[in-house]
Amino acid sequence: MKRDYAVIGLGRFGGSICTELSEEGRHVLAIDADEDKINEFKNIASYAVIADSTDEATLKDLGIKNIDHVIVAIGDNIQASILTTVVLTDLGIKKITVKAQNDYHEKILNRIGADQVVHPERDMGKRIARNIISSNILDYLELSDDYSIVEVKAGKKMDGRTMIDLDIRARYGCNVVAVKREDSINVSPAADDVLEEDDTLIIIGADNDLSRFERHLVF
Ligand code: ATP
């Protein structure tokens, strides 16, 4: 059977990845040590199997080597998460995404060869904090330690003004990559496009610059 992804650990995080990938028509091998979880996902994933992912022989028997992208979503049991990641790197899996429980866990995962380490609670906390500080900040995506993309509502301060007028790039060092208006999206907007209060701006830049932009223009 064709399988595009494997999801190991079907808690809230791994479970929603498995469901979403399956709903998008991807073939998912779902693995969990807990029989109840496997029963829950057997009609969602292409193939759901009870297995201990720290056991290399078991993963080999499941044909994990033929899967390009494996997501390790074991949270609480940090030891199992680390051991599973080591086994997957030893097996030469092309892409391994692992959920980290804390910063220390994240550091270890990076050292042992995880390709992508995600920290959903921390990242979602940051996004919500941004949104709490300013209700005009609709969304926030961290690109690296220093760079992000934010989605902000134009609001009254930008209403009726153009990008030249606001001089966003020169004054704040940020780039407006798109402007959403109702159902349409204007990618790479022209400098003399006039903004409206209800427009949504998608802006990329260094965190310091974005903060200055938010302080001056978003309220
Ligand atoms: P969430 O917050 O996403 O619900 P969590 O951080 O609470 O997840 P856990 O409950 O620790 O995550 O683990 C998620 C799943 O991983 C559980 O269903 C658990 O049975 C499974 N799991 C833990 N260790 C192993 C293992 N060695 N092999 C396979 N599955 C495992």
# chains A, B, ... in the order shown; residues from 1 in each chain; ligands from 1
call {"tool": "residues_around", "arguments": {"residues": "segment 79-82 of chain A", "least_positions_apart": "3", "cutoff": "10 Å", "atoms": "only C-alpha atoms", "output": "PDB file with N, CA and C atoms, in the first residue's frame"}}
result
ATOM      1  N   ILE A   8       3.834   9.167  14.142  1.00  0.00           N
ATOM      2  CA  ILE A   8       4.072   8.325  15.315  1.00  0.00           C
ATOM      3  C   ILE A   8       3.601   9.083  16.551  1.00  0.00           C
ATOM      4  N   GLY A   9       2.635   8.541  17.260  1.00  0.00           N
ATOM      5  CA  GLY A   9       2.065   9.206  18.437  1.00  0.00           C
ATOM      6  C   GLY A   9       0.795   9.935  18.024  1.00  0.00           C
ATOM      7  N   ASP A  52       5.629  -0.134  19.172  1.00  0.00           N
ATOM      8  CA  ASP A  52       6.529   0.702  19.967  1.00  0.00           C
ATOM      9  C   ASP A  52       7.586   1.257  19.005  1.00  0.00           C
ATOM     10  N   SER A  53       7.556   2.567  18.812  1.00  0.00           N
ATOM     11  CA  SER A  53       8.418   3.166  17.775  1.00  0.00           C
ATOM     12  C   SER A  53       9.886   3.211  18.170  1.00  0.00           C
ATOM     13  N   THR A  54      10.191   2.861  19.416  1.00  0.00           N
ATOM     14  CA  THR A  54      11.609   2.861  19.805  1.00  0.00           C
ATOM     15  C   THR A  54      12.290   1.561  19.349  1.00  0.00           C
ATOM     16  N   ASP A  55      11.490   0.632  18.840  1.00  0.00           N
ATOM     17  CA  ASP A  55      12.027  -0.662  18.413  1.00  0.00           C
ATOM     18  C   ASP A  55      12.329  -0.640  16.911  1.00  0.00           C
ATOM     19  N   VAL A  72       7.152  12.668  14.279  1.00  0.00           N
ATOM     20  CA  VAL A  72       7.184  12.056  15.616  1.00  0.00           C
ATOM     21  C   VAL A  72       6.448  12.998  16.563  1.00  0.00           C
ATOM     22  N   ALA A  73       5.296  12.557  17.017  1.00  0.00           N
ATOM     23  CA  ALA A  73       4.453  13.428  17.858  1.00  0.00           C
ATOM     24  C   ALA A  73       4.262  12.814  19.235  1.00  0.00           C
ATOM     25  N   ILE A  74       5.365  12.297  19.768  1.00  0.00           N
ATOM     26  CA  ILE A  74       5.316  11.766  21.140  1.00  0.00           C
ATOM     27  C   ILE A  74       5.727  12.925  22.039  1.00  0.00           C
ATOM     28  N   GLY A  75       4.877  13.304  22.955  1.00  0.00           N
ATOM     29  CA  GLY A  75       5.173  14.493  23.746  1.00  0.00           C
ATOM     30  C   GLY A  75       5.788  14.173  25.092  1.00  0.00           C
ATOM     31  N   ASP A  76       4.956  13.676  25.996  1.00  0.00           N
ATOM     32  CA  ASP A  76       5.373  13.516  27.393  1.00  0.00           C
ATOM     33  C   ASP A  76       6.578  12.598  27.582  1.00  0.00           C
ATOM     34  N   THR A  85      13.583   9.124  17.284  1.00  0.00           N
ATOM     35  CA  THR A  85      14.272   9.992  16.314  1.00  0.00           C
ATOM     36  C   THR A  85      15.621   9.397  15.927  1.00  0.00           C
ATOM     37  N   VAL A  86      16.331   8.846  16.902  1.00  0.00           N
ATOM     38  CA  VAL A  86      17.628   8.216  16.608  1.00  0.00           C
ATOM     39  C   VAL A  86      17.432   7.038  15.657  1.00  0.00           C
ATOM     40  N   VAL A  87      16.418   6.210  15.943  1.00  0.00           N
ATOM     41  CA  VAL A  87      16.153   5.049  15.077  1.00  0.00           C
ATOM     42  C   VAL A  87      15.844   5.519  13.658  1.00  0.00           C
ATOM     43  N   LEU A  88      15.016   6.552  13.548  1.00  0.00           N
ATOM     44  CA  LEU A  88      14.632   7.044  12.206  1.00  0.00           C
ATOM     45  C   LEU A  88      15.829   7.629  11.455  1.00  0.00           C
ATOM     46  N   VAL A  98       9.796  16.503  14.345  1.00  0.00           N
ATOM     47  CA  VAL A  98       9.560  16.026  15.712  1.00  0.00           C
ATOM     48  C   VAL A  98       8.974  17.137  16.571  1.00  0.00           C
ATOM     49  N   LYS A  99       8.009  16.768  17.382  1.00  0.00           N
ATOM     50  CA  LYS A  99       7.434  17.726  18.335  1.00  0.00           C
ATOM     51  C   LYS A  99       8.303  17.756  19.589  1.00  0.00           C
ATOM     52  N   ALA A 100       8.720  18.967  19.977  1.00  0.00           N
ATOM     53  CA  ALA A 100       9.520  19.103  21.199  1.00  0.00           C
ATOM     54  C   ALA A 100       8.625  19.534  22.352  1.00  0.00           C
ATOM     55  N   GLN A 101       8.988  19.054  23.525  1.00  0.00           N
ATOM     56  CA  GLN A 101       8.199  19.356  24.723  1.00  0.00           C
ATOM     57  C   GLN A 101       8.739  20.590  25.440  1.00  0.00           C
ATOM     58  N   HIS A 105      14.715  19.618  25.170  1.00  0.00           N
ATOM     59  CA  HIS A 105      14.313  18.540  24.249  1.00  0.00           C
ATOM     60  C   HIS A 105      14.589  18.976  22.801  1.00  0.00           C
ATOM     61  N   GLU A 106      14.239  20.209  22.499  1.00  0.00           N
ATOM     62  CA  GLU A 106      14.437  20.753  21.145  1.00  0.00           C
ATOM     63  C   GLU A 106      15.926  20.722  20.750  1.00  0.00           C
ATOM     64  N   ILE A 108      18.301  18.798  21.897  1.00  0.00           N
ATOM     65  CA  ILE A 108      18.762  17.421  21.675  1.00  0.00           C
ATOM     66  C   ILE A 108      18.278  16.924  20.314  1.00  0.00           C
ATOM     67  N   LEU A 109      17.025  17.193  20.009  1.00  0.00           N
ATOM     68  CA  LEU A 109      16.469  16.725  18.729  1.00  0.00           C
ATOM     69  C   LEU A 109      17.250  17.303  17.546  1.00  0.00           C
ATOM     70  N   ILE A 112      20.578  15.428  17.251  1.00  0.00           N
ATOM     71  CA  ILE A 112      20.582  14.026  16.797  1.00  0.00           C
ATOM     72  C   ILE A 112      20.037  13.876  15.384  1.00  0.00           C
ATOM     73  N   ALA A 114      17.147  15.583  13.761  1.00  0.00           N
ATOM     74  CA  ALA A 114      15.776  15.880  13.315  1.00  0.00           C
ATOM     75  C   ALA A 114      15.853  17.004  12.281  1.00  0.00           C
TER      76      ALA A 114
END
call {"tool": "closest_residue", "arguments": {"among": "A:Cys18, A:Ile168, A:Ala45, A:Ile78", "to": "ligand 1", "atoms": "only C-alpha atoms and all ligand atoms"}}
result
A:Ile78
call {"tool": "closest_residue", "arguments": {"among": "A:Asp4, A:Asp198, A:Asp36, A:Asp115", "to": "Asn66 of chain A", "atoms": "only C-alpha atoms"}}
result
A:Asp4
call {"tool": "closest_residue", "arguments": {"among": "A:Gly25, A:Gly15, A:Pro189, A:Gly173", "to": "ligand 1", "atoms": "only C-alpha atoms and all ligand atoms"}}
result
A:Gly15
call {"tool": "select_by_dssp", "arguments": {"residues": "chain A", "states": "alpha helix (DSSP H)", "output": "mmCIF file with C-alpha atoms, in the first residue's frame"}}
result
data_model
loop_
_atom_site.group_PDB
_atom_site.id
_atom_site.type_symbol
_atom_site.label_atom_id
_atom_site.label_comp_id
_atom_site.auth_asym_id
_atom_site.auth_seq_id
_atom_site.Cartn_x
_atom_site.Cartn_y
_atom_site.Cartn_z
ATOM 1 C CA ARG A 12 -3.958 15.759 20.184
ATOM 2 C CA PHE A 13 -1.067 17.050 18.052
ATOM 3 C CA GLY A 14 -0.178 13.868 16.133
ATOM 4 C CA GLY A 15 -3.854 12.986 15.852
ATOM 5 C CA SER A 16 -4.741 16.254 14.189
ATOM 6 C CA ILE A 17 -1.791 15.979 11.781
ATOM 7 C CA CYS A 18 -2.913 12.465 10.868
ATOM 8 C CA THR A 19 -6.538 13.561 10.364
ATOM 9 C CA GLU A 20 -5.635 16.623 8.305
ATOM 10 C CA LEU A 21 -3.206 14.742 6.033
ATOM 11 C CA SER A 22 -5.774 11.983 5.524
ATOM 12 C CA GLU A 23 -8.545 14.474 4.740
ATOM 13 C CA GLU A 35 -4.530 0.151 21.189
ATOM 14 C CA ASP A 36 -7.359 2.626 21.937
ATOM 15 C CA LYS A 37 -5.598 5.281 19.822
ATOM 16 C CA ILE A 38 -5.202 2.835 16.947
ATOM 17 C CA ASN A 39 -8.903 1.952 17.113
ATOM 18 C CA GLU A 40 -9.707 5.655 17.041
ATOM 19 C CA PHE A 41 -7.606 6.227 13.898
ATOM 20 C CA GLU A 56 14.051 -0.488 15.205
ATOM 21 C CA ALA A 57 13.092 -3.976 13.992
ATOM 22 C CA THR A 58 9.374 -3.158 14.303
ATOM 23 C CA LEU A 59 9.736 0.060 12.341
ATOM 24 C CA LYS A 60 11.709 -1.780 9.655
ATOM 25 C CA ASP A 61 8.997 -4.463 9.416
ATOM 26 C CA ILE A 78 10.824 12.533 25.981
ATOM 27 C CA GLN A 79 13.011 9.430 26.129
ATOM 28 C CA ALA A 80 10.757 7.604 23.625
ATOM 29 C CA SER A 81 10.707 10.665 21.378
ATOM 30 C CA ILE A 82 14.523 10.874 21.350
ATOM 31 C CA LEU A 83 15.012 7.125 20.846
ATOM 32 C CA THR A 84 12.488 7.076 18.008
ATOM 33 C CA THR A 85 14.272 9.992 16.314
ATOM 34 C CA VAL A 86 17.628 8.216 16.608
ATOM 35 C CA VAL A 87 16.153 5.049 15.077
ATOM 36 C CA LEU A 88 14.632 7.044 12.206
ATOM 37 C CA THR A 89 17.881 8.890 11.473
ATOM 38 C CA ASP A 90 19.765 5.558 11.556
ATOM 39 C CA ASP A 103 13.773 23.912 24.867
ATOM 40 C CA TYR A 104 16.163 21.252 26.145
ATOM 41 C CA HIS A 105 14.313 18.540 24.249
ATOM 42 C CA GLU A 106 14.437 20.753 21.145
ATOM 43 C CA LYS A 107 18.216 21.167 21.450
ATOM 44 C CA ILE A 108 18.762 17.421 21.675
ATOM 45 C CA LEU A 109 16.469 16.725 18.729
ATOM 46 C CA ASN A 110 18.409 19.188 16.592
ATOM 47 C CA ARG A 111 21.697 17.566 17.600
ATOM 48 C CA PRO A 120 3.435 23.950 19.037
ATOM 49 C CA GLU A 121 2.519 25.130 22.534
ATOM 50 C CA ARG A 122 5.296 27.736 22.613
ATOM 51 C CA ASP A 123 4.700 28.929 19.043
ATOM 52 C CA MET A 124 0.941 29.150 19.464
ATOM 53 C CA GLY A 125 1.479 30.980 22.768
ATOM 54 C CA LYS A 126 3.620 33.585 20.969
ATOM 55 C CA ARG A 127 1.031 34.019 18.236
ATOM 56 C CA ILE A 128 -1.780 34.476 20.705
ATOM 57 C CA ALA A 129 0.288 36.921 22.799
ATOM 58 C CA ARG A 130 0.859 39.061 19.687
ATOM 59 C CA ASN A 131 -2.843 38.989 19.011
ATOM 60 C CA ILE A 132 -3.640 39.942 22.617
ATOM 61 C CA ILE A 133 -1.223 42.917 22.502
ATOM 62 C CA GLY A 155 -6.886 50.166 10.572
ATOM 63 C CA LYS A 156 -7.639 53.879 10.689
ATOM 64 C CA LYS A 157 -4.015 55.071 10.661
ATOM 65 C CA MET A 158 -3.392 53.556 7.212
ATOM 66 C CA MET A 163 2.678 52.643 0.620
ATOM 67 C CA ILE A 164 4.806 55.594 -0.632
ATOM 68 C CA ASP A 165 2.943 57.853 1.712
ATOM 69 C CA LEU A 166 3.565 55.543 4.661
ATOM 70 C CA ILE A 168 7.053 51.491 5.138
ATOM 71 C CA ARG A 169 10.201 50.039 3.550
ATOM 72 C CA ALA A 170 12.438 53.052 4.174
ATOM 73 C CA ARG A 171 11.107 53.965 7.618
ATOM 74 C CA TYR A 172 10.621 50.505 9.069
ATOM 75 C CA ASP A 207 11.312 41.367 14.519
ATOM 76 C CA ASN A 208 12.688 44.728 15.742
ATOM 77 C CA ASP A 209 11.503 46.480 12.585
ATOM 78 C CA LEU A 210 8.108 44.818 12.709
ATOM 79 C CA SER A 211 7.721 45.910 16.341
ATOM 80 C CA ARG A 212 8.483 49.525 15.402
ATOM 81 C CA PHE A 213 5.994 49.303 12.553
ATOM 82 C CA GLU A 214 3.349 47.875 14.881
ATOM 83 C CA ARG A 215 3.977 50.548 17.546
ATOM 84 C CA HIS A 216 3.694 53.413 15.049
ATOM 85 C CA LEU A 217 1.110 52.271 12.569
#
call {"tool": "residues_around", "arguments": {"residues": "Leu138 of chain A", "least_positions_apart": "6", "cutoff": "7 Å", "atoms": "only C-alpha atoms", "output": "VMD selection string"}}
result
chain A and resid 131 151 to 153
call {"tool": "atom_distance", "arguments": {"atom1": "atom CA of Gly160 of chain A", "atom2": "atom CA of Ile137 of chain A"}}
result
19.3 Å
call {"tool": "closest_residue", "arguments": {"among": "A:Val187, A:His69, A:Asn102, A:Glu24", "to": "ligand 1", "atoms": "only C-alpha atoms and all ligand atoms"}}
result
A:Asn102
call {"tool": "select_by_dssp", "arguments": {"residues": "segment 21-128 of chain A", "states": "strand (DSSP E or B)", "output": "ChimeraX atom specification"}}
result
/A:28-32,47-50,69-72,95-99,116-118
call {"tool": "closest_residue", "arguments": {"among": "A:Ser46, A:Ala51, A:Tyr5, A:Val179", "to": "ligand 1", "atoms": "only C-alpha atoms and all ligand atoms"}}
result
A:Ala51
call {"tool": "atom_distance", "arguments": {"atom1": "atom CA of Glu142 of chain A", "atom2": "atom 31 (C, counted along the ligand's line) of ligand 1"}}
result
28.7 Å
